[in-house]
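As stored in structure27.pdb (PDB, C-alpha atoms):
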```pdb
ATOM      1  CA  MET U1207       0.000   0.000   0.000
ATOM      2  CA  LYS U1208       1.279   3.443  -0.930
ATOM      3  CA  TRP U1209       0.232   6.758   0.570
ATOM      4  CA  ILE U1210      -0.347  10.208  -0.903
ATOM      5  CA  GLY U1211      -0.146  12.451   2.136
ATOM      6  CA  LYS U1212      -1.810  11.258   5.338
ATOM      7  CA  ARG U1213      -5.320  10.707   3.981
ATOM      8  CA  ILE U1214      -5.077   8.904   0.637
ATOM      9  CA  SER U1215      -3.908   5.327   0.245
ATOM     10  CA  PHE U1216      -3.760   3.280  -2.913
ATOM     11  CA  VAL U1217      -2.850  -0.190  -4.065
ATOM     12  CA  GLU U1218      -1.927  -0.777  -7.685
ATOM     13  CA  ASP U1219      -1.557  -4.146  -9.294
ATOM     14  CA  LYS U1220      -1.755  -5.396 -12.845
ATOM     15  CA  ASN U1221      -5.548  -5.668 -13.056
ATOM     16  CA  LYS U1222      -6.896  -3.053 -10.662
ATOM     17  CA  THR U1223      -6.200   0.019  -8.584
ATOM     18  CA  THR U1224      -7.855   0.711  -5.249
ATOM     19  CA  ILE U1225      -7.852   4.218  -3.773
ATOM     20  CA  ILE U1226      -9.130   5.013  -0.279
ATOM     21  CA  ILE U1227      -9.605   8.615   0.832
ATOM     22  CA  TYR U1228     -10.044   9.088   4.574
ATOM     23  CA  PRO U1229     -11.564  12.144   6.306
ATOM     24  CA  GLU U1230      -9.349  14.508   8.256
ATOM     25  CA  ASP U1231      -8.264  12.947  11.554
ATOM     26  CA  VAL U1232      -8.192  15.734  14.123
ATOM     27  CA  ALA U1233      -8.968  14.623  17.682
ATOM     28  CA  TRP U1234     -10.236  17.977  18.989
ATOM     29  CA  VAL U1235     -12.644  18.291  16.033
ATOM     30  CA  LYS U1236     -14.071  14.845  16.778
ATOM     31  CA  ALA U1237     -14.459  15.773  20.463
ATOM     32  CA  VAL U1238     -16.221  19.060  19.674
ATOM     33  CA  MET U1239     -18.480  17.360  17.118
ATOM     34  CA  GLY U1240     -19.321  14.622  19.640
ATOM     35  CA  ALA U1241     -20.217  17.238  22.246
ATOM     36  CA  TRP U1242     -22.310  19.105  19.674
ATOM     37  CA  VAL U1243     -24.208  15.922  18.762
ATOM     38  CA  ALA U1244     -24.827  15.155  22.450
ATOM     39  CA  MET U1245     -26.108  18.681  23.136
ATOM     40  CA  TRP U1246     -28.261  18.658  19.995
ATOM     41  CA  ILE U1247     -29.881  15.361  21.013
ATOM     42  CA  THR U1248     -30.437  16.707  24.539
ATOM     43  CA  ILE U1249     -32.193  19.787  23.125
ATOM     44  CA  GLY U1250     -34.421  17.525  21.007
ATOM     45  CA  ALA U1251     -35.236  15.311  24.000
ATOM     46  CA  VAL U1252     -36.188  18.328  26.153
ATOM     47  CA  ILE U1253     -38.386  19.829  23.417
ATOM     48  CA  THR U1254     -40.054  16.440  22.810
ATOM     49  CA  TRP U1255     -40.664  16.064  26.552
ATOM     50  CA  ALA U1256     -42.150  19.571  26.688
ATOM     51  CA  TYR U1257     -44.453  18.828  23.756
ATOM     52  CA  PHE U1258     -45.907  15.699  25.384
ATOM     53  CA  LYS U1259     -45.841  16.615  29.107
ATOM     54  CA  LEU U1260     -46.615  20.319  29.366
ATOM     55  CA  VAL U1261     -50.042  21.837  28.897
ATOM     56  CA  LEU U1262     -49.542  24.182  25.943
ATOM     57  CA  SER U1263     -51.788  26.304  23.786
ATOM     58  CA  GLU U1264     -52.365  25.358  20.145
ATOM     59  CA  GLN U1265     -50.014  28.115  18.999
ATOM     60  CA  GLU U1266     -47.246  26.877  21.317
ATOM     61  CA  ASN U1267     -47.723  23.319  20.027
ATOM     62  CA  ILE U1268     -47.374  24.561  16.439
ATOM     63  CA  ILE U1269     -44.208  26.450  17.359
ATOM     64  CA  LEU U1270     -42.722  23.308  18.941
ATOM     65  CA  ILE U1271     -43.629  21.201  15.898
ATOM     66  CA  VAL U1272     -42.011  23.702  13.526
ATOM     67  CA  PHE U1273     -38.955  23.840  15.782
ATOM     68  CA  MET U1274     -38.755  20.020  15.853
ATOM     69  CA  VAL U1275     -38.857  19.818  12.047
ATOM     70  CA  PHE U1276     -35.867  22.172  11.814
ATOM     71  CA  TRP U1277     -34.194  20.378  14.725
ATOM     72  CA  LEU U1278     -34.599  17.000  13.012
ATOM     73  CA  TYR U1279     -33.175  18.288   9.717
ATOM     74  CA  PHE U1280     -30.051  19.648  11.411
ATOM     75  CA  ALA U1281     -29.782  16.608  13.713
ATOM     76  CA  ILE U1282     -29.524  14.364  10.647
ATOM     77  CA  LYS U1283     -26.939  16.666   9.054
ATOM     78  CA  VAL U1284     -24.797  16.914  12.204
ATOM     79  CA  ILE U1285     -24.957  13.189  12.999
ATOM     80  CA  ARG U1286     -24.022  12.237   9.420
ATOM     81  CA  SER U1287     -21.063  14.657   9.494
ATOM     82  CA  PHE U1288     -19.961  13.241  12.864
ATOM     83  CA  PHE U1289     -20.212   9.649  11.623
ATOM     84  CA  TRP U1290     -18.279  10.673   8.485
ATOM     85  CA  LEU U1291     -15.446  12.028  10.669
ATOM     86  CA  LEU U1292     -15.386   8.830  12.737
ATOM     87  CA  TRP U1293     -15.875   6.093  10.134
ATOM     88  CA  GLY U1294     -16.133   7.660   6.673
ATOM     89  CA  ARG U1295     -14.161   6.672   3.586
ATOM     90  CA  GLU U1296     -14.286   7.258  -0.119
ATOM     91  CA  LEU U1297     -13.555   3.999  -1.921
ATOM     92  CA  ILE U1298     -12.519   4.036  -5.579
ATOM     93  CA  LYS U1299     -11.766   0.816  -7.446
ATOM     94  CA  ILE U1300     -10.576   0.883 -11.035
ATOM     95  CA  ASP U1301     -10.392  -2.414 -12.904
ATOM     96  CA  GLU U1302     -10.225  -3.511 -16.542
ATOM     97  CA  VAL U1303     -13.782  -2.463 -17.335
ATOM     98  CA  SER U1304     -15.101  -0.008 -14.795
ATOM     99  CA  LEU U1305     -14.557   2.428 -11.984
ATOM    100  CA  SER U1306     -16.505   1.897  -8.781
ATOM    101  CA  TYR U1307     -17.006   4.795  -6.344
ATOM    102  CA  LYS U1308     -18.536   4.529  -2.901
ATOM    103  CA  LYS U1309     -18.972   7.029  -0.072
ATOM    104  CA  SER U1310     -18.825   4.644   2.850
ATOM    105  CA  ILE U1311     -19.602   5.050   6.533
ATOM    106  CA  LYS U1312     -18.548   1.887   8.388
ATOM    107  CA  GLY U1313     -18.956  -0.108   5.179
ATOM    108  CA  TYR U1314     -22.450   1.204   4.450
ATOM    109  CA  GLY U1315     -23.094   3.146   1.285
ATOM    110  CA  LYS U1316     -24.057   2.576  -2.306
ATOM    111  CA  ALA U1317     -21.342   2.087  -4.908
ATOM    112  CA  GLY U1318     -21.756   3.685  -8.317
ATOM    113  CA  VAL U1319     -20.241   1.844 -11.269
ATOM    114  CA  TYR U1320     -18.902   3.860 -14.202
ATOM    115  CA  TYR U1321     -17.563   2.168 -17.336
ATOM    116  CA  ILE U1322     -14.080   3.297 -18.359
ATOM    117  CA  GLU U1323     -15.059   3.723 -22.011
ATOM    118  CA  ASN U1324     -17.641   6.360 -20.996
ATOM    119  CA  ILE U1325     -15.338   8.409 -18.722
ATOM    120  CA  SER U1326     -14.091  11.725 -20.075
ATOM    121  CA  LYS U1327     -13.016  15.210 -18.957
ATOM    122  CA  ILE U1328     -11.103  14.242 -15.825
ATOM    123  CA  LYS U1329     -10.083  17.391 -13.966
ATOM    124  CA  GLU U1330      -9.518  19.049 -10.624
ATOM    125  CA  CYS U1331     -12.197  21.273  -9.097
ATOM    126  CA  ASP U1332     -10.796  24.517  -7.805
ATOM    127  CA  VAL U1333     -12.349  26.785  -5.215
ATOM    128  CA  GLU U1334     -11.245  30.383  -4.808
ATOM    129  CA  PRO U1335      -9.131  30.547  -1.619
ATOM    130  CA  ASN U1336     -11.033  33.437   0.023
ATOM    131  CA  SER U1337     -14.513  32.611  -1.264
ATOM    132  CA  ILE U1338     -17.461  31.845   0.977
ATOM    133  CA  GLN U1339     -17.463  28.253  -0.335
ATOM    134  CA  SER U1340     -13.807  27.827   0.663
ATOM    135  CA  ILE U1341     -14.393  29.171   4.166
ATOM    136  CA  TRP U1342     -17.561  27.097   4.591
ATOM    137  CA  GLU U1343     -15.831  23.869   3.532
ATOM    138  CA  LYS U1344     -12.947  24.431   5.962
ATOM    139  CA  SER U1345     -15.354  24.238   8.885
ATOM    140  CA  PRO U1346     -15.172  20.878  10.654
ATOM    141  CA  TRP U1347     -18.923  20.185  10.693
ATOM    142  CA  VAL U1348     -19.117  20.218   6.894
ATOM    143  CA  LYS U1349     -18.185  16.983   5.121
ATOM    144  CA  GLY U1350     -16.592  19.053   2.373
ATOM    145  CA  GLY U1351     -16.703  19.400  -1.346
ATOM    146  CA  GLU U1352     -15.183  16.970  -3.781
ATOM    147  CA  ARG U1353     -12.031  18.153  -5.545
ATOM    148  CA  ILE U1354     -11.691  15.763  -8.508
ATOM    149  CA  GLU U1355     -14.339  15.188 -11.150
ATOM    150  CA  PHE U1356     -14.991  13.339 -14.373
ATOM    151  CA  GLU U1357     -17.819  13.141 -16.836
ATOM    152  CA  HIS U1358     -19.697   9.877 -17.376
ATOM    153  CA  LYS U1359     -22.432   9.874 -20.020
ATOM    154  CA  GLY U1360     -23.041  13.608 -19.525
ATOM    155  CA  GLN U1361     -23.199  13.328 -15.725
ATOM    156  CA  ILE U1362     -20.513  14.966 -13.552
ATOM    157  CA  ILE U1363     -19.131  12.587 -10.890
ATOM    158  CA  GLN U1364     -17.018  14.095  -8.108
ATOM    159  CA  PHE U1365     -14.847  12.621  -5.357
ATOM    160  CA  GLY U1366     -12.006  13.597  -3.018
ATOM    161  CA  ARG U1367     -13.631  15.433  -0.123
ATOM    162  CA  LYS U1368     -11.466  18.153   1.425
ATOM    163  CA  ILE U1369      -8.208  16.924  -0.103
ATOM    164  CA  ASN U1370      -5.457  19.511  -0.250
ATOM    165  CA  LEU U1371      -3.860  20.801  -3.443
ATOM    166  CA  LYS U1372      -0.705  18.659  -3.302
ATOM    167  CA  SER U1373      -2.602  15.412  -2.631
ATOM    168  CA  ARG U1374      -5.209  16.346  -5.224
ATOM    169  CA  LYS U1375      -2.596  16.848  -7.948
ATOM    170  CA  LYS U1376      -0.900  13.494  -7.210
ATOM    171  CA  ASN U1377      -4.222  11.655  -6.949
ATOM    172  CA  THR U1378      -5.546  13.202 -10.171
ATOM    173  CA  LYS U1379      -2.328  12.286 -11.973
ATOM    174  CA  ASN U1380      -2.542   8.634 -10.799
ATOM    175  CA  PHE U1381      -6.245   8.498 -11.609
ATOM    176  CA  ILE U1382      -5.775   9.847 -15.153
ATOM    177  CA  LYS U1383      -2.782   7.554 -15.736
ATOM    178  CA  ARG U1384      -4.761   4.463 -14.689
ATOM    179  CA  VAL U1385      -7.883   5.330 -16.711
ATOM    180  CA  GLN U1386      -5.793   6.091 -19.821
ATOM    181  CA  TRP U1387      -3.771   2.875 -19.416
ATOM    182  CA  ILE U1388      -6.955   0.795 -19.257
ATOM    183  CA  SER U1389      -8.512   2.694 -22.172
ATOM    184  CA  MET U1390      -5.456   2.029 -24.372
ATOM    185  CA  ARG U1391      -5.607  -1.700 -23.651
ATOM    186  CA  HIS U1392      -9.134  -1.962 -25.063
TER     187      HIS U1392
END
```
Please express what this file holds, its structure, as structure tokens.
Amino acid sequence: MKWIGKRISFVEDKNKTTIIIYPEDVAWVKAVMGAWVAMWITIGAVITWAYFKLVLSEQENIILIVFMVFWLYFAIKVIRSFFWLLWGRELIKIDEVSLSYKKSIKGYGKAGVYYIENISKIKECDVEPNSIQSIWEKSPWVKGGERIEFEHKGQIIQFGRKINLKSRKKNTKNFIKRVQWISMRH
């Protein structure tokens, strides 16, 4: 197994290449996210308790229901980001015929299969360094934007969440080299 930086590993053999991209591994970020998830769940439990146990007017009940809808939306987002930090991986397998890409959390996730002959326009995705998108994606609670993309039958497929410029360049180079090598063999 070879490594590109601290987050990207790959194994190349004659018939296939496997690339694994891990999320950033920063202990204090995981601790803060864990605390945030715990507090968010506590807030939801208290609001749910209040809804069922307190005698409230109809207007107050409506307010709590609206609040709980927003709470649930953000609870799902925060929990998925936390699980991504703990157990997430991007799995890319390139073989003789196809490329398989899976966003995996503890092995769960759906793999997309893309045939090599239909892959075109492989490139890096750049974000302006001082843009709002760049600042937003640097925040630890955001899973991050993908930095490498290709076109498959008119659809843009992206991968490489939050990978830095140096790792992105090396990974893109290896990815292009492997796809071109397979394409030339057919």
Pick from U:Asn1336, U:Gln1364, U:Thr1254, U:Ser1326 nearest to U:Lys1309, counting only C-alpha atoms: U:Gln1364
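Run against this file, the PyMOL selection byres ((chain U and resi 1212-1229) around 8) gives back Met1207, Lys1208, Trp1209, Ile1210, Gly1211, Glu1230, Asp1231, Trp1290, Leu1291, Gly1294, Arg1295, Glu1296, Leu1297, Ile1298, Lys1299, Ile1300, Asp1301, Glu1302, Gly1366, Arg1367, Lys1368, Ile1369, Ser1373 and Arg1384 of chain U.
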Atom pair atom CA of U:Gln1361 / atom CA of U:Ile1311: separation (Å):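 Result for atom CA of U:Gln1361 versus atom CA of U:Ile1311: 24.0 Å, one decimal.
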For atom CA of U:Ile1249 and atom CA of U:Ile1269, quote the distance in Å rounded to one decimal. 14.9 Å
What box, with edges along x, y and z, holds each listed atom of stretch 1318-1326 of chain U when 4 Å is added on every side, and can you state its centre and edge lengths in Å to one decimal, as AutoDock Vina command-line options?
```
--center_x -17.9 --center_y 6.8 --center_z -15.2 --size_x 15.7 --size_y 17.9 --size_z 21.7
```
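The gap separating atom CA of U:Glu1343 from atom CA of U:Ala1281 is 18.7 Å, in Å to one decimal.
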When you count all atoms listed in the file, which of these residues is closest to U:Phe1280: U:Trp1246, U:Gly1360, U:Lys1327, U:Val1235?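 Checking each of U:Trp1246, U:Gly1360, U:Lys1327, U:Val1235 against U:Phe1280, counting all atoms listed in the file, the winner is U:Trp1246.
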Just checking: using all atoms listed in the file, which residue out of U:Ile1282, U:Ile1338, U:Leu1270, U:Leu1292 ends up closest to U:Ala1233?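 For U:Ala1233, the nearest of the given residues is U:Leu1292.
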Can you turn the PyMOL selection byres ((chain U and resi 1355) around 7) into a concrete residue list for this file, as a ChimeraX atom specification? /U:1328-1331,1353-1354,1356-1357,1362-1365
Kindly save the residues from that selection, with C-alpha atoms included, as a CSV table (one decimal), in the coordinates of the input.
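Generated output (out-v1.csv):
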```csv
chain,number,residue,atom,x,y,z
U,1328,ILE,CA,-11.1,14.2,-15.8
U,1329,LYS,CA,-10.1,17.4,-14.0
U,1330,GLU,CA,-9.5,19.0,-10.6
U,1331,CYS,CA,-12.2,21.3,-9.1
U,1353,ARG,CA,-12.0,18.2,-5.5
U,1354,ILE,CA,-11.7,15.8,-8.5
U,1356,PHE,CA,-15.0,13.3,-14.4
U,1357,GLU,CA,-17.8,13.1,-16.8
U,1362,ILE,CA,-20.5,15.0,-13.6
U,1363,ILE,CA,-19.1,12.6,-10.9
U,1364,GLN,CA,-17.0,14.1,-8.1
U,1365,PHE,CA,-14.8,12.6,-5.4
```
Write out as a list in words the residues lying within 9 Å of U:Phe1273, counting all atoms listed in the file and excluding same-chain residues fewer than 5 positions away. Ile1253, Ile1268 and Leu1278 of chain U
U:Thr1248, U:Ser1306, U:Ser1263, U:Asn1324: which is nearest U:His1358, counting only C-alpha atoms? U:Asn1324
Could you list the residues chosen by the PyMOL selection byres ((chain U and resi 1320) around 8) in this structure as an NGL selection string? :U and (1304-1306 or 1318-1319 or 1321-1322 or 1324-1325 or 1358)
Please produce stretch 1264-1275 of chain U, completed to all heavy atoms, as an mmCIF file, in the coordinates of the input.
```cif
data_model
loop_
_atom_site.group_PDB
_atom_site.id
_atom_site.type_symbol
_atom_site.label_atom_id
_atom_site.label_comp_id
_atom_site.auth_asym_id
_atom_site.auth_seq_id
_atom_site.Cartn_x
_atom_site.Cartn_y
_atom_site.Cartn_z
ATOM 1 N N GLU U 1264 -52.506 25.863 21.520
ATOM 2 C CA GLU U 1264 -52.365 25.358 20.145
ATOM 3 C C GLU U 1264 -51.207 26.061 19.424
ATOM 4 O O GLU U 1264 -50.435 25.432 18.701
ATOM 5 C CB GLU U 1264 -53.672 25.560 19.375
ATOM 6 C CG GLU U 1264 -53.643 24.961 17.999
ATOM 7 C CD GLU U 1264 -54.976 25.115 17.270
ATOM 8 O OE1 GLU U 1264 -56.014 25.276 17.924
ATOM 9 O OE2 GLU U 1264 -54.943 25.072 16.034
ATOM 10 N N GLN U 1265 -51.083 27.347 19.638
ATOM 11 C CA GLN U 1265 -50.014 28.115 18.999
ATOM 12 C C GLN U 1265 -48.645 27.645 19.488
ATOM 13 O O GLN U 1265 -47.703 27.501 18.704
ATOM 14 C CB GLN U 1265 -50.201 29.603 19.276
ATOM 15 C CG GLN U 1265 -49.214 30.470 18.531
ATOM 16 C CD GLN U 1265 -49.485 31.949 18.742
ATOM 17 O OE1 GLN U 1265 -50.255 32.316 19.612
ATOM 18 N NE2 GLN U 1265 -48.840 32.776 17.952
ATOM 19 N N GLU U 1266 -48.517 27.373 20.784
ATOM 20 C CA GLU U 1266 -47.246 26.877 21.317
ATOM 21 C C GLU U 1266 -46.918 25.489 20.766
ATOM 22 O O GLU U 1266 -45.760 25.184 20.468
ATOM 23 C CB GLU U 1266 -47.297 26.846 22.846
ATOM 24 C CG GLU U 1266 -47.317 28.233 23.462
ATOM 25 C CD GLU U 1266 -47.654 28.222 24.943
ATOM 26 O OE1 GLU U 1266 -48.368 27.307 25.411
ATOM 27 O OE2 GLU U 1266 -47.196 29.150 25.644
ATOM 28 N N ASN U 1267 -47.933 24.644 20.621
ATOM 29 C CA ASN U 1267 -47.723 23.319 20.027
ATOM 30 C C ASN U 1267 -47.224 23.444 18.582
ATOM 31 O O ASN U 1267 -46.321 22.714 18.172
ATOM 32 C CB ASN U 1267 -49.010 22.490 20.067
ATOM 33 C CG ASN U 1267 -49.253 21.868 21.422
ATOM 34 O OD1 ASN U 1267 -48.313 21.609 22.170
ATOM 35 N ND2 ASN U 1267 -50.513 21.636 21.744
ATOM 36 N N ILE U 1268 -47.805 24.348 17.832
ATOM 37 C CA ILE U 1268 -47.374 24.561 16.439
ATOM 38 C C ILE U 1268 -45.925 25.037 16.401
ATOM 39 O O ILE U 1268 -45.124 24.570 15.590
ATOM 40 C CB ILE U 1268 -48.319 25.549 15.715
ATOM 41 C CG1 ILE U 1268 -49.683 24.880 15.512
ATOM 42 C CG2 ILE U 1268 -47.727 25.998 14.385
ATOM 43 C CD1 ILE U 1268 -50.756 25.825 15.012
ATOM 44 N N ILE U 1269 -45.585 25.948 17.298
ATOM 45 C CA ILE U 1269 -44.208 26.450 17.359
ATOM 46 C C ILE U 1269 -43.241 25.302 17.662
ATOM 47 O O ILE U 1269 -42.187 25.187 17.026
ATOM 48 C CB ILE U 1269 -44.078 27.586 18.407
ATOM 49 C CG1 ILE U 1269 -44.807 28.834 17.903
ATOM 50 C CG2 ILE U 1269 -42.610 27.889 18.721
ATOM 51 C CD1 ILE U 1269 -44.964 29.918 18.941
ATOM 52 N N LEU U 1270 -43.590 24.449 18.617
ATOM 53 C CA LEU U 1270 -42.722 23.308 18.941
ATOM 54 C C LEU U 1270 -42.606 22.332 17.771
ATOM 55 O O LEU U 1270 -41.518 21.800 17.512
ATOM 56 C CB LEU U 1270 -43.220 22.579 20.189
ATOM 57 C CG LEU U 1270 -42.959 23.284 21.518
ATOM 58 C CD1 LEU U 1270 -43.463 22.442 22.686
ATOM 59 C CD2 LEU U 1270 -41.489 23.590 21.702
ATOM 60 N N ILE U 1271 -43.680 22.103 17.055
ATOM 61 C CA ILE U 1271 -43.629 21.201 15.898
ATOM 62 C C ILE U 1271 -42.720 21.776 14.811
ATOM 63 O O ILE U 1271 -41.884 21.063 14.255
ATOM 64 C CB ILE U 1271 -45.051 20.922 15.355
ATOM 65 C CG1 ILE U 1271 -45.819 20.046 16.346
ATOM 66 C CG2 ILE U 1271 -44.990 20.247 13.989
ATOM 67 C CD1 ILE U 1271 -47.294 19.911 16.045
ATOM 68 N N VAL U 1272 -42.874 23.063 14.532
ATOM 69 C CA VAL U 1272 -42.011 23.702 13.526
ATOM 70 C C VAL U 1272 -40.547 23.635 13.976
ATOM 71 O O VAL U 1272 -39.653 23.299 13.191
ATOM 72 C CB VAL U 1272 -42.453 25.160 13.268
ATOM 73 C CG1 VAL U 1272 -41.427 25.912 12.442
ATOM 74 C CG2 VAL U 1272 -43.814 25.178 12.581
ATOM 75 N N PHE U 1273 -40.315 23.925 15.252
ATOM 76 C CA PHE U 1273 -38.955 23.840 15.782
ATOM 77 C C PHE U 1273 -38.408 22.424 15.629
ATOM 78 O O PHE U 1273 -37.246 22.236 15.236
ATOM 79 C CB PHE U 1273 -38.925 24.256 17.261
ATOM 80 C CG PHE U 1273 -37.563 24.121 17.871
ATOM 81 C CD1 PHE U 1273 -36.638 25.147 17.747
ATOM 82 C CD2 PHE U 1273 -37.191 22.967 18.561
ATOM 83 C CE1 PHE U 1273 -35.365 25.024 18.301
ATOM 84 C CE2 PHE U 1273 -35.926 22.843 19.099
ATOM 85 C CZ PHE U 1273 -35.016 23.878 18.975
ATOM 86 N N MET U 1274 -39.206 21.414 15.926
ATOM 87 C CA MET U 1274 -38.755 20.020 15.853
ATOM 88 C C MET U 1274 -38.456 19.600 14.416
ATOM 89 O O MET U 1274 -37.548 18.794 14.185
ATOM 90 C CB MET U 1274 -39.780 19.072 16.476
ATOM 91 C CG MET U 1274 -39.815 19.131 17.989
ATOM 92 S SD MET U 1274 -38.224 18.782 18.768
ATOM 93 C CE MET U 1274 -38.056 17.053 18.418
ATOM 94 N N VAL U 1275 -39.166 20.128 13.453
ATOM 95 C CA VAL U 1275 -38.857 19.818 12.047
ATOM 96 C C VAL U 1275 -37.473 20.355 11.701
ATOM 97 O O VAL U 1275 -36.648 19.638 11.123
ATOM 98 C CB VAL U 1275 -39.940 20.395 11.104
ATOM 99 C CG1 VAL U 1275 -39.490 20.339 9.653
ATOM 100 C CG2 VAL U 1275 -41.250 19.644 11.281
#
```
